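Pasting start.cif here (mmCIF, C-alpha atoms and all ligand atoms):
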```cif
data_input
#
loop_
_atom_site.label_atom_id
_atom_site.label_comp_id
_atom_site.auth_asym_id
_atom_site.auth_seq_id
_atom_site.Cartn_x
_atom_site.Cartn_y
_atom_site.Cartn_z
CA MET A 1 21.45 22.04 -11.38
CA PRO A 2 18.36 21.68 -13.59
CA SER A 3 14.86 21.99 -12.21
CA PHE A 4 11.96 19.95 -13.49
CA SER A 5 8.41 21.04 -14.01
CA LEU A 6 5.58 18.90 -12.78
CA LEU A 7 2.73 17.21 -14.61
CA PHE A 8 1.62 17.47 -18.21
CA ASP A 9 4.99 18.74 -19.36
CA LEU A 10 4.62 16.34 -22.25
CA GLY A 11 6.94 18.08 -24.67
CA SER A 12 10.22 17.53 -22.85
CA THR A 13 12.25 14.44 -22.01
CA LYS A 14 11.26 13.07 -18.62
CA PRO A 15 13.96 12.97 -15.96
CA THR A 16 14.84 9.72 -14.23
CA THR A 17 14.22 9.27 -10.52
CA ARG A 18 17.98 9.74 -10.02
CA ASP A 19 17.79 13.14 -11.78
CA ILE A 20 14.97 14.07 -9.43
CA ALA A 21 16.93 12.90 -6.39
CA ASN A 22 19.89 15.06 -7.44
CA THR A 23 17.66 18.07 -8.02
CA VAL A 24 15.96 17.72 -4.64
CA LYS A 25 19.29 17.10 -2.94
CA ALA A 26 20.59 20.41 -4.24
CA GLY A 27 17.51 22.53 -3.74
CA GLY A 28 14.90 20.63 -1.73
CA SER A 29 11.51 19.64 -3.19
CA GLY A 30 10.96 23.34 -3.91
CA ALA A 31 13.44 22.92 -6.77
CA LEU A 32 10.79 20.93 -8.65
CA THR A 33 9.53 24.20 -10.10
CA ALA A 34 6.42 25.14 -12.11
CA ALA A 35 4.44 22.63 -10.11
CA GLU A 36 1.03 21.83 -11.53
CA ARG A 37 -1.21 21.18 -8.60
CA ARG A 38 -4.33 19.13 -9.00
CA ALA A 39 -7.49 19.20 -6.90
CA ASP A 40 -5.78 17.22 -4.15
CA GLN A 41 -3.00 19.84 -3.88
CA ALA A 42 -0.24 17.30 -4.43
CA ARG A 43 2.45 17.88 -7.05
CA TYR A 44 3.13 15.21 -9.64
CA GLN A 45 6.51 14.68 -11.26
CA GLU A 46 6.66 12.40 -14.27
CA VAL A 47 9.81 10.30 -14.36
CA THR A 48 11.22 7.79 -16.83
CA CYS A 49 11.88 4.41 -15.24
CA ARG A 50 14.54 2.04 -16.57
CA SER A 51 13.03 -1.05 -14.92
CA ALA A 52 9.48 -1.82 -13.82
CA LEU A 53 9.94 -5.01 -11.81
CA ASN A 54 11.99 -4.95 -8.65
CA ARG A 55 13.45 -8.27 -7.46
CA VAL A 56 13.01 -9.04 -3.74
CA LYS A 57 14.34 -11.78 -1.50
CA GLY A 58 12.94 -13.45 1.62
CA MET A 59 9.30 -12.63 0.78
CA PRO A 60 6.52 -14.92 -0.45
CA PHE A 61 6.71 -13.13 -3.81
CA GLU A 62 9.65 -12.66 -6.11
CA TRP A 63 8.95 -9.28 -7.67
CA THR A 64 7.35 -5.97 -6.77
CA LEU A 65 5.82 -3.38 -9.08
CA ASN A 66 4.99 0.21 -8.11
CA PRO A 67 3.82 2.64 -10.81
CA TYR A 68 4.08 5.59 -8.39
CA ARG A 69 6.38 6.75 -5.60
CA GLY A 70 4.89 8.64 -2.69
CA CYS A 71 1.22 8.37 -1.78
CA THR A 72 -1.40 11.05 -1.25
CA HIS A 73 -3.27 8.75 1.13
CA GLY A 74 -0.67 9.90 3.66
CA CYS A 75 -1.16 7.24 6.35
CA HIS A 76 0.95 8.18 9.36
CA TYR A 77 2.14 4.60 9.91
CA CYS A 78 3.09 3.96 6.28
CA PHE A 79 6.27 1.92 6.13
CA ALA A 80 6.95 3.26 2.62
CA ARG A 81 7.59 6.75 3.98
CA ARG A 82 11.18 5.75 4.51
CA TYR A 83 11.61 4.92 0.81
CA HIS A 84 11.05 8.58 -0.10
CA VAL A 85 14.19 9.41 1.83
CA GLN A 86 16.15 7.33 -0.69
CA PHE A 87 15.18 9.96 -3.27
CA GLU A 88 16.33 12.83 -1.11
CA MET A 89 12.76 13.72 -0.15
CA ASN A 90 11.48 13.78 3.40
CA ALA A 91 9.26 11.12 4.94
CA ASP A 92 6.81 13.73 6.28
CA ASP A 93 5.11 16.20 3.91
CA ASP A 94 6.98 15.26 0.74
CA PHE A 95 5.86 11.62 0.94
CA ALA A 96 2.19 12.59 0.61
CA SER A 97 2.53 15.68 -1.56
CA VAL A 98 5.30 15.03 -4.11
CA ILE A 99 4.41 11.99 -6.18
CA LEU A 100 6.73 10.50 -8.78
CA VAL A 101 4.82 9.07 -11.74
CA LYS A 102 6.58 6.38 -13.81
CA HIS A 103 4.87 7.37 -17.04
CA ASN A 104 6.54 4.59 -19.10
CA VAL A 105 6.12 1.76 -16.55
CA ALA A 106 3.72 -0.39 -18.61
CA ALA A 107 5.95 -0.32 -21.70
CA VAL A 108 9.02 -1.23 -19.64
CA LEU A 109 7.08 -4.01 -17.90
CA ALA A 110 6.03 -5.43 -21.27
CA ARG A 111 9.66 -5.54 -22.34
CA GLU A 112 10.67 -7.31 -19.14
CA ILE A 113 8.07 -10.05 -19.24
CA ASP A 114 8.44 -10.61 -22.98
CA ARG A 115 11.96 -11.88 -22.39
CA PRO A 116 12.23 -15.62 -23.10
CA ALA A 117 13.88 -16.05 -19.68
CA TRP A 118 10.84 -14.68 -17.81
CA THR A 119 9.65 -17.43 -15.43
CA ARG A 120 6.22 -16.01 -14.50
CA ASP A 121 6.96 -15.61 -10.80
CA LEU A 122 4.45 -13.90 -8.52
CA VAL A 123 4.44 -10.11 -8.81
CA ALA A 124 3.21 -8.05 -5.83
CA VAL A 125 1.69 -4.74 -7.01
CA GLY A 126 1.54 -1.78 -4.62
CA THR A 127 4.11 -2.75 -2.02
CA ALA A 128 5.65 0.70 -1.67
CA THR A 129 2.81 3.05 -2.63
CA ASP A 130 -0.87 2.69 -3.37
CA PRO A 131 -1.45 1.74 -7.03
CA TYR A 132 -5.01 3.14 -6.80
CA GLN A 133 -4.27 6.49 -5.20
CA PRO A 134 -6.34 9.24 -6.87
CA ILE A 135 -3.87 10.11 -9.66
CA GLU A 136 -4.39 6.59 -11.10
CA GLY A 137 -7.76 7.90 -12.29
CA HIS A 138 -5.84 10.13 -14.69
CA TYR A 139 -2.82 8.02 -15.71
CA LYS A 140 -4.30 4.47 -15.64
CA LEU A 141 -0.77 3.07 -15.21
CA THR A 142 -1.88 0.30 -12.83
CA ARG A 143 -4.64 -0.70 -15.24
CA ARG A 144 -2.18 -0.94 -18.11
CA CYS A 145 0.27 -2.97 -16.01
CA ILE A 146 -2.50 -5.48 -15.14
CA GLN A 147 -3.20 -5.88 -18.86
CA VAL A 148 0.49 -6.53 -19.53
CA LEU A 149 0.69 -9.09 -16.69
CA ALA A 150 -2.43 -10.85 -18.02
CA ARG A 151 -0.94 -11.04 -21.49
CA GLY A 152 2.22 -12.51 -19.96
CA ARG A 153 0.20 -15.01 -17.86
CA THR A 154 2.03 -13.76 -14.78
CA PRO A 155 0.46 -14.29 -11.31
CA MET A 156 -0.20 -11.13 -9.37
CA SER A 157 -1.41 -9.84 -6.01
CA ILE A 158 -2.49 -6.23 -5.48
CA VAL A 159 -2.61 -4.33 -2.20
CA THR A 160 -4.58 -1.09 -2.10
CA LYS A 161 -6.75 1.21 -0.02
CA GLY A 162 -8.35 2.64 -3.15
CA PRO A 163 -11.94 1.71 -4.06
CA MET A 164 -10.98 2.83 -7.59
CA VAL A 165 -9.81 -0.76 -8.10
CA VAL A 166 -13.44 -1.58 -8.95
CA ARG A 167 -13.00 0.43 -12.16
CA ASP A 168 -10.61 -2.31 -13.31
CA ALA A 169 -12.87 -5.31 -12.62
CA ASP A 170 -12.86 -6.07 -16.35
CA VAL A 171 -9.06 -6.31 -16.68
CA LEU A 172 -8.83 -8.17 -13.37
CA GLN A 173 -11.29 -10.75 -14.70
CA ASP A 174 -9.15 -11.11 -17.84
CA HIS A 175 -6.07 -11.50 -15.67
CA ALA A 176 -7.72 -14.12 -13.45
CA ARG A 177 -8.47 -16.20 -16.55
CA ALA A 178 -4.76 -16.13 -17.44
CA ALA A 179 -3.05 -16.54 -14.06
CA ARG A 180 -3.56 -16.38 -10.30
CA CYS A 181 -4.97 -13.00 -9.31
CA THR A 182 -5.66 -11.70 -5.79
CA VAL A 183 -6.81 -8.27 -4.65
CA CYS A 184 -6.18 -7.35 -1.02
CA MET A 185 -8.04 -4.30 0.23
CA SER A 186 -6.24 -2.76 3.18
CA VAL A 187 -8.74 -1.94 5.94
CA PRO A 188 -6.87 -1.82 9.25
CA SER A 189 -10.05 -0.94 11.14
CA VAL A 190 -13.62 0.21 10.59
CA ASP A 191 -13.29 2.52 13.59
CA GLU A 192 -14.02 6.00 12.24
CA GLU A 193 -11.99 7.91 14.76
CA ALA A 194 -8.89 5.82 14.12
CA TRP A 195 -9.43 6.17 10.36
CA ARG A 196 -9.57 9.96 10.59
CA MET A 197 -6.52 10.16 12.80
CA LEU A 198 -4.27 7.67 11.02
CA GLU A 199 -5.27 7.61 7.33
CA PRO A 200 -6.14 11.21 6.42
CA GLY A 201 -6.26 10.80 2.63
CA THR A 202 -8.02 7.45 2.26
CA ALA A 203 -11.60 6.49 1.43
CA HIS A 204 -13.93 5.59 4.30
CA PRO A 205 -13.31 1.99 5.48
CA LEU A 206 -16.85 0.94 4.57
CA GLN A 207 -16.38 2.30 1.06
CA ARG A 208 -13.32 0.06 0.79
CA LEU A 209 -15.34 -2.91 2.01
CA ARG A 210 -18.07 -2.17 -0.53
CA ALA A 211 -15.35 -2.31 -3.19
CA VAL A 212 -14.37 -5.78 -1.91
CA ARG A 213 -17.97 -6.91 -2.24
CA ALA A 214 -18.17 -5.57 -5.80
CA LEU A 215 -14.97 -7.38 -6.77
CA VAL A 216 -16.07 -10.67 -5.19
CA ASP A 217 -19.45 -10.35 -6.93
CA SER A 218 -17.63 -10.01 -10.24
CA GLY A 219 -15.68 -13.20 -9.60
CA ILE A 220 -12.40 -11.68 -8.39
CA ASN A 221 -10.58 -13.30 -5.51
CA ALA A 222 -10.68 -10.32 -3.14
CA GLY A 223 -10.20 -10.06 0.60
CA VAL A 224 -9.02 -7.75 3.35
CA LEU A 225 -5.75 -7.04 5.07
CA MET A 226 -6.01 -5.40 8.47
CA ALA A 227 -2.65 -3.86 7.85
CA PRO A 228 -1.38 -2.58 10.04
CA ILE A 229 -3.12 -2.89 13.38
CA VAL A 230 -1.84 0.09 15.38
CA PRO A 231 -1.42 -0.46 19.12
CA GLY A 232 -3.69 1.72 21.19
CA PHE A 233 -5.57 3.04 18.14
CA THR A 234 -7.12 -0.04 16.51
CA SER A 235 -6.01 -2.94 18.68
CA SER A 236 -8.77 -3.31 21.27
CA ARG A 237 -10.77 -6.51 21.19
CA SER A 238 -14.01 -4.64 20.42
CA LYS A 239 -12.47 -2.76 17.46
CA LEU A 240 -10.93 -5.93 16.07
CA GLU A 241 -14.23 -7.76 16.35
CA ARG A 242 -16.24 -4.96 14.75
CA THR A 243 -13.79 -4.88 11.86
CA ILE A 244 -13.71 -8.64 11.26
CA LYS A 245 -17.49 -8.85 11.44
CA ALA A 246 -17.78 -6.05 8.85
CA VAL A 247 -15.23 -7.81 6.64
CA ALA A 248 -17.27 -11.04 6.82
CA ASP A 249 -20.53 -9.16 6.19
CA HIS A 250 -19.07 -7.75 2.96
CA GLY A 251 -18.28 -11.18 1.55
CA ALA A 252 -14.47 -10.98 1.66
CA ARG A 253 -12.80 -14.23 0.62
CA PHE A 254 -10.11 -13.93 3.31
CA VAL A 255 -8.72 -11.65 5.99
CA GLY A 256 -5.15 -11.26 7.19
CA CYS A 257 -3.45 -8.93 9.63
CA ASN A 258 -0.14 -7.55 10.71
CA VAL A 259 1.00 -5.32 13.56
CA MET A 260 2.64 -1.97 12.84
CA HIS A 261 6.39 -1.86 12.65
CA LEU A 262 8.44 1.34 12.70
CA GLN A 263 11.72 1.91 10.95
CA ASP A 264 13.91 4.83 9.84
CA GLY A 265 11.90 7.72 8.36
CA THR A 266 8.58 6.06 9.19
CA ARG A 267 9.56 5.84 12.83
CA THR A 268 10.64 9.48 12.95
CA HIS A 269 7.42 10.61 11.27
CA PHE A 270 5.15 8.52 13.48
CA MET A 271 6.82 9.62 16.73
CA ARG A 272 6.56 13.28 15.64
CA PHE A 273 2.88 12.72 14.82
CA LEU A 274 2.31 11.31 18.32
CA GLU A 275 4.24 14.12 19.94
CA ARG A 276 2.09 16.67 18.12
CA GLU A 277 -1.33 15.03 18.36
CA PHE A 278 -1.16 12.54 21.24
CA PRO A 279 1.75 13.51 23.51
CA SER A 280 0.50 11.40 26.39
CA MET A 281 0.88 8.25 24.25
CA LEU A 282 4.47 8.92 23.26
CA PRO A 283 6.27 7.29 26.24
CA ARG A 284 4.26 4.11 25.82
CA PHE A 285 5.08 3.87 22.14
CA GLU A 286 8.75 4.56 22.78
CA LYS A 287 8.75 1.61 25.15
CA LEU A 288 6.72 -0.70 22.91
CA TYR A 289 8.83 0.20 19.90
CA ALA A 290 12.26 0.13 21.47
CA ARG A 291 13.05 -1.88 18.32
CA LYS A 292 11.60 -2.04 14.85
CA TYR A 293 8.87 -4.51 15.84
CA ALA A 294 6.65 -4.55 18.91
CA PRO A 295 7.60 -7.43 21.25
CA GLU A 296 6.84 -10.88 19.91
CA ALA A 297 4.54 -11.79 22.81
CA TYR A 298 2.42 -8.76 22.03
CA ARG A 299 2.25 -9.54 18.32
CA LYS A 300 1.32 -13.15 19.03
CA GLU A 301 -1.43 -12.06 21.37
CA VAL A 302 -3.01 -9.87 18.72
CA GLN A 303 -2.62 -12.44 15.97
CA GLY A 304 -4.18 -15.09 18.21
CA LEU A 305 -7.15 -12.85 18.84
CA VAL A 306 -7.59 -12.13 15.14
CA ARG A 307 -7.37 -15.85 14.36
CA ALA A 308 -10.09 -16.65 16.88
CA LEU A 309 -12.32 -13.95 15.39
CA GLN A 310 -11.65 -15.23 11.88
CA GLU A 311 -12.95 -18.60 13.01
CA ARG A 312 -15.97 -17.10 14.68
CA TYR A 313 -16.99 -15.27 11.51
CA GLY A 314 -16.12 -18.10 9.13
CA LEU A 315 -13.40 -16.23 7.27
CA ASN A 316 -10.62 -18.80 7.48
CA LYS A 317 -12.99 -21.41 6.03
CA ARG A 318 -13.67 -19.31 2.95
CA ALA A 319 -9.95 -18.90 2.31
CA ALA A 320 -9.22 -22.59 2.77
CA ALA A 321 -12.08 -23.59 0.49
CA ASP A 322 -10.72 -21.38 -2.28
CA ASP A 323 -7.09 -22.20 -1.62
CA GLU A 324 -6.28 -18.51 -1.28
CA GLU A 325 -3.52 -18.81 1.23
CA PRO A 326 -0.41 -18.29 -0.95
CA SER A 327 -1.43 -15.04 -2.64
CA ALA A 328 -3.13 -13.64 0.43
CA LYS A 329 -0.05 -14.40 2.48
CA ALA A 330 2.10 -12.73 -0.13
CA ALA A 331 0.03 -9.59 -0.01
CA GLU A 332 -0.05 -9.66 3.77
CA ASP A 333 3.73 -9.65 3.89
CA ALA A 334 3.79 -6.80 1.42
CA GLU A 335 2.45 -4.49 4.09
CA GLN A 336 3.30 -4.15 7.71
CA VAL A 337 2.28 -6.88 10.11
CA GLY A 338 0.84 -5.54 13.43
CA PHE A 339 -1.06 -5.88 16.97
CA ALA A 340 -3.04 -4.75 20.18
CA TRP A 341 -2.11 -2.31 22.94
S1 LIG B 401 -2.31 3.83 1.30
FE1 LIG B 401 -0.62 2.39 1.65
S2 LIG B 401 1.10 3.29 0.51
FE2 LIG B 401 -0.44 4.91 0.73
S3 LIG B 401 0.16 6.03 2.58
FE3 LIG B 401 -1.35 4.48 3.19
S4 LIG B 401 -0.12 2.68 3.80
FE4 LIG B 401 1.22 4.03 2.60
#
```
Would it be possible to restate this file's structure as C-alpha cells?
Ligand code: SF4
Amino acid sequence: MPSFSLLFDLGSTKPTTRDIANTVKAGGSGALTAAERRADQARYQEVTCRSALNRVKGMPFEWTLNPYRGCTHGCHYCFARRYHVQFEMNADDDFASVILVKHNVAAVLAREIDRPAWTRDLVAVGTATDPYQPIEGHYKLTRRCIQVLARGRTPMSIVTKGPMVVRDADVLQDHARAARCTVCMSVPSVDEEAWRMLEPGTAHPLQRLRAVRALVDSGINAGVLMAPIVPGFTSSRSKLERTIKAVADHGARFVGCNVMHLQDGTRTHFMRFLEREFPSMLPRFEKLYARKYAPEAYRKEVQGLVRALQERYGLNKRAAADDEEPSAKAAEDAEQVGFAW
C-alpha cells in the first residue's frame, strides 16, 4: 500500500481522495508519511479532485463546493466531522488535524461551469468545511473559485467563520456585479466562554463581526448565522440577546439561526467531549438528543425567541428591504439549525 507525503510535494502526481482513503484504511492517518506540519500543527495532504461541484437534493441550493476536507477550526459540534469518516479518517483528532487540499479544484470548477448545459444554479460554498480556514491564506483556492463563479455568472453563498474572507472583498465585489452573492459569517454566540469551549480553532466572535462590517462597508451582502445554537452553552435568553445586539451593532444585513443536531461521527465526538469536559451535562444531552434533532417544541421555542430579538434590533427589516431571504436561507440550511436549553 503506498503512502503519501504531505504538503509541497509538488513534483509527484497527487493522489485522489479515494487513494488517501485506501491508504488510511490500511495504515491509519499515520500512513500519510513525511508530514509537513505548518505553524498550526495540522498536516495537509494535497489531493486531485475529479469533480468540484457536488449536486444536492432537498436543500435551497442545488450545488455545494468545498475546496478542503477537514477543518482546523475544530468546532466540537461540527456536523461535517462525520464526513471525514467516509474517507476512513476519524471524526475526532483527524478531522481537525489532517486536511485534504483539492489543489486542482478551481480548474475543475471552470471546466464544469463552462459546459453549455450549465444552468447557473445557486452554489453553496463551505458546506462541509470552512473555505477560509487558515490554509486558504497559502493556497487561495476559495479565492480562485469565486473568480471562476463570477466569470460564469453563477450565484453563490459562502458560509465561514474565517475573517480572512475580507481579503477577498475585491473578487466578491466582482462576483456581486455578475450574479447574486451572499456571505454568511457563522457566529453562534459572542459569549467568550462558550467560544473557547466549543470552537477552539476559530477567530474571536467580535473579530468575525468586524469582518462582517468590513464586507458590508464594501458593498457585499453579508450577514450572520448563529449556527448552531448549542443547548446549555449558548441558548440562554441573555446570551442570545447579547449576540443579536452585537450582530445588529456591526451592520449585518441579516441574521439566521439553527439549533445543533447530532449525527453519526459528530454525535460520538460531541458526547465524548461532554463526558471528558462536562460530565454532569451528559445525561441531559443524551435525553435531549435521543434522536438526531432536539425535540421540535424546543427548537421552535428558540427560533421564536431569536425571531423576536431580530425584530427588536431591526435585523429582519434590513433583510426584507434588501430581499436577502433566498441566499441567506440557503446558507442557513448549509449549516446546522439549533436552540435553547
Ligand atoms: S468552522 Fe465550520 S467546518 Fe470548520 S469545524 Fe467549525 S463548524 Fe466545522
Residues of chain A that have any atom at most 6 Å from an atom of ligand LIG 401 (chain B): could you tabulate them with the shortest-distance atom pair and the distance in Å to one decimal, using only C-alpha atoms and all ligand atoms, ordered by chain and increasing number, as CSV?
```
residue,atom,partner,partner_atom,distance
A:Cys71,CA,B:LIG401,FE2,4.6
A:His73,CA,B:LIG401,S3,4.6
A:Gly74,CA,B:LIG401,S3,4.1
A:Cys75,CA,B:LIG401,S3,4.2
A:Cys78,CA,B:LIG401,FE4,4.1
A:Ala80,CA,B:LIG401,FE4,5.8
A:Ala128,CA,B:LIG401,S2,5.7
A:Thr129,CA,B:LIG401,S2,3.6
A:Asp130,CA,B:LIG401,S2,4.4
A:Lys161,CA,B:LIG401,S1,5.3
```
Rank A:Cys49, A:Leu141, A:Val123, A:Leu65 by their smallest atom-to-atom distance to Ser157 (chain A), using only C-alpha atoms, and report the top residue only.
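Between A:Cys49, A:Leu141, A:Val123, A:Leu65, the residue approaching Ser157 (chain A) most closely is A:Val123.
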Considering all atoms listed in the file, return as a PDB file with C-alpha atoms, in the coordinates of the input whatever protein or nucleic-acid residues lie within 8 Å of region 305-316 of chain A, sequence-local ones (same chain, fewer than 2 positions apart) excluded.
```pdb
ATOM      1  CA  ARG A 237     -10.770  -6.510  21.190  1.00  0.00           C
ATOM      2  CA  LEU A 240     -10.930  -5.930  16.070  1.00  0.00           C
ATOM      3  CA  GLU A 241     -14.230  -7.760  16.350  1.00  0.00           C
ATOM      4  CA  ILE A 244     -13.710  -8.640  11.260  1.00  0.00           C
ATOM      5  CA  LYS A 245     -17.490  -8.850  11.440  1.00  0.00           C
ATOM      6  CA  ALA A 248     -17.270 -11.040   6.820  1.00  0.00           C
ATOM      7  CA  ALA A 252     -14.470 -10.980   1.660  1.00  0.00           C
ATOM      8  CA  ARG A 253     -12.800 -14.230   0.620  1.00  0.00           C
ATOM      9  CA  PHE A 254     -10.110 -13.930   3.310  1.00  0.00           C
ATOM     10  CA  VAL A 255      -8.720 -11.650   5.990  1.00  0.00           C
ATOM     11  CA  CYS A 257      -3.450  -8.930   9.630  1.00  0.00           C
ATOM     12  CA  GLU A 301      -1.430 -12.060  21.370  1.00  0.00           C
ATOM     13  CA  VAL A 302      -3.010  -9.870  18.720  1.00  0.00           C
ATOM     14  CA  GLN A 303      -2.620 -12.440  15.970  1.00  0.00           C
ATOM     15  CA  ARG A 318     -13.670 -19.310   2.950  1.00  0.00           C
ATOM     16  CA  ALA A 319      -9.950 -18.900   2.310  1.00  0.00           C
ATOM     17  CA  ALA A 320      -9.220 -22.590   2.770  1.00  0.00           C
TER      18      ALA A 320
END
```
Record the distance separating CA of Gly162 (chain A) and CA of Asn104 (chain A), expressed in Å with one decimal.
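Separation of CA of Gly162 (chain A) and CA of Asn104 (chain A): 21.9 Å.
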Which residue is closest to Phe273 (chain A)? Choose from A:Val98, A:His76, A:Val187, A:Glu199 and count all atoms listed in the file.
A:His76
Restricting the calculation to all atoms listed in the file: of A:Arg143, A:Trp63, A:Thr182, A:Met164, which residue gets closest to Trp118 (chain A)?
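Among the listed residues, the smallest separation from Trp118 (chain A) belongs to A:Trp63.
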So which residues touch Thr268 (chain A) within 12 Å, counting all atoms listed in the file, skipping near sequence neighbours fewer than 2 positions away, as a list in words?
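So, after excluding close chain neighbours, the residues are His76, Tyr77, Cys78, Phe79, Arg81, Arg82, Val85, Asn90, Ala91, Asp92, Leu262, Gln263, Asp264, Gly265, Thr266, Phe270, Met271, Arg272, Phe273, Leu274, Glu275, Glu286, Tyr289 and Lys292 of chain A.
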Just to confirm, what's the straight-line distance from CA of Asp191 (chain A) to CA of Tyr298 (chain A) in Å (one decimal)?
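One can read the CA of Asp191 (chain A) to CA of Tyr298 (chain A) distance as 21.1 Å.
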Using only C-alpha atoms for the distances, tell me which of A:Ala150, A:Met197, A:Leu209, A:Ala96 is nearest to Asp114 (chain A).
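Closest residue, counting only C-alpha atoms: A:Ala150.
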I'd like to know which of A:Val224, A:Cys145, A:Thr160, A:Ala178 is closest to Leu109 (chain A), using all atoms listed in the file.
A:Cys145
Do you know which residues are at most 7 Å from His103 (chain A) counting only C-alpha atoms, after dropping those on the same chain fewer than 6 positions away, and could you put them as a list in words?
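Neighbouring residues, sequence-local ones excluded: Glu46, Val47 and Thr48 of chain A.
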d(CA of Pro60 (chain A), CA of Ile99 (chain A)) in Å
27.6 Å
Within 8 Å of (-2.4, -15.6, -13.8) (coordinates as in the file), grab all the protein and nucleic acid residues, counting only C-alpha atoms, and write them out as a list in words.
Leu149, Ala150, Arg153, Thr154, Pro155, Met156, His175, Ala176, Arg177, Ala178, Ala179, Arg180 and Cys181 of chain A
Write the residues you've just listed into a file as a PDB file, keeping the file's coordinate frame, and include C-alpha atoms for each of them.
```pdb
ATOM      1  CA  LEU A 149       0.690  -9.090 -16.690  1.00  0.00           C
ATOM      2  CA  ALA A 150      -2.430 -10.850 -18.020  1.00  0.00           C
ATOM      3  CA  ARG A 153       0.200 -15.010 -17.860  1.00  0.00           C
ATOM      4  CA  THR A 154       2.030 -13.760 -14.780  1.00  0.00           C
ATOM      5  CA  PRO A 155       0.460 -14.290 -11.310  1.00  0.00           C
ATOM      6  CA  MET A 156      -0.200 -11.130  -9.370  1.00  0.00           C
ATOM      7  CA  HIS A 175      -6.070 -11.500 -15.670  1.00  0.00           C
ATOM      8  CA  ALA A 176      -7.720 -14.120 -13.450  1.00  0.00           C
ATOM      9  CA  ARG A 177      -8.470 -16.200 -16.550  1.00  0.00           C
ATOM     10  CA  ALA A 178      -4.760 -16.130 -17.440  1.00  0.00           C
ATOM     11  CA  ALA A 179      -3.050 -16.540 -14.060  1.00  0.00           C
ATOM     12  CA  ARG A 180      -3.560 -16.380 -10.300  1.00  0.00           C
ATOM     13  CA  CYS A 181      -4.970 -13.000  -9.310  1.00  0.00           C
TER      14      CYS A 181
END
```
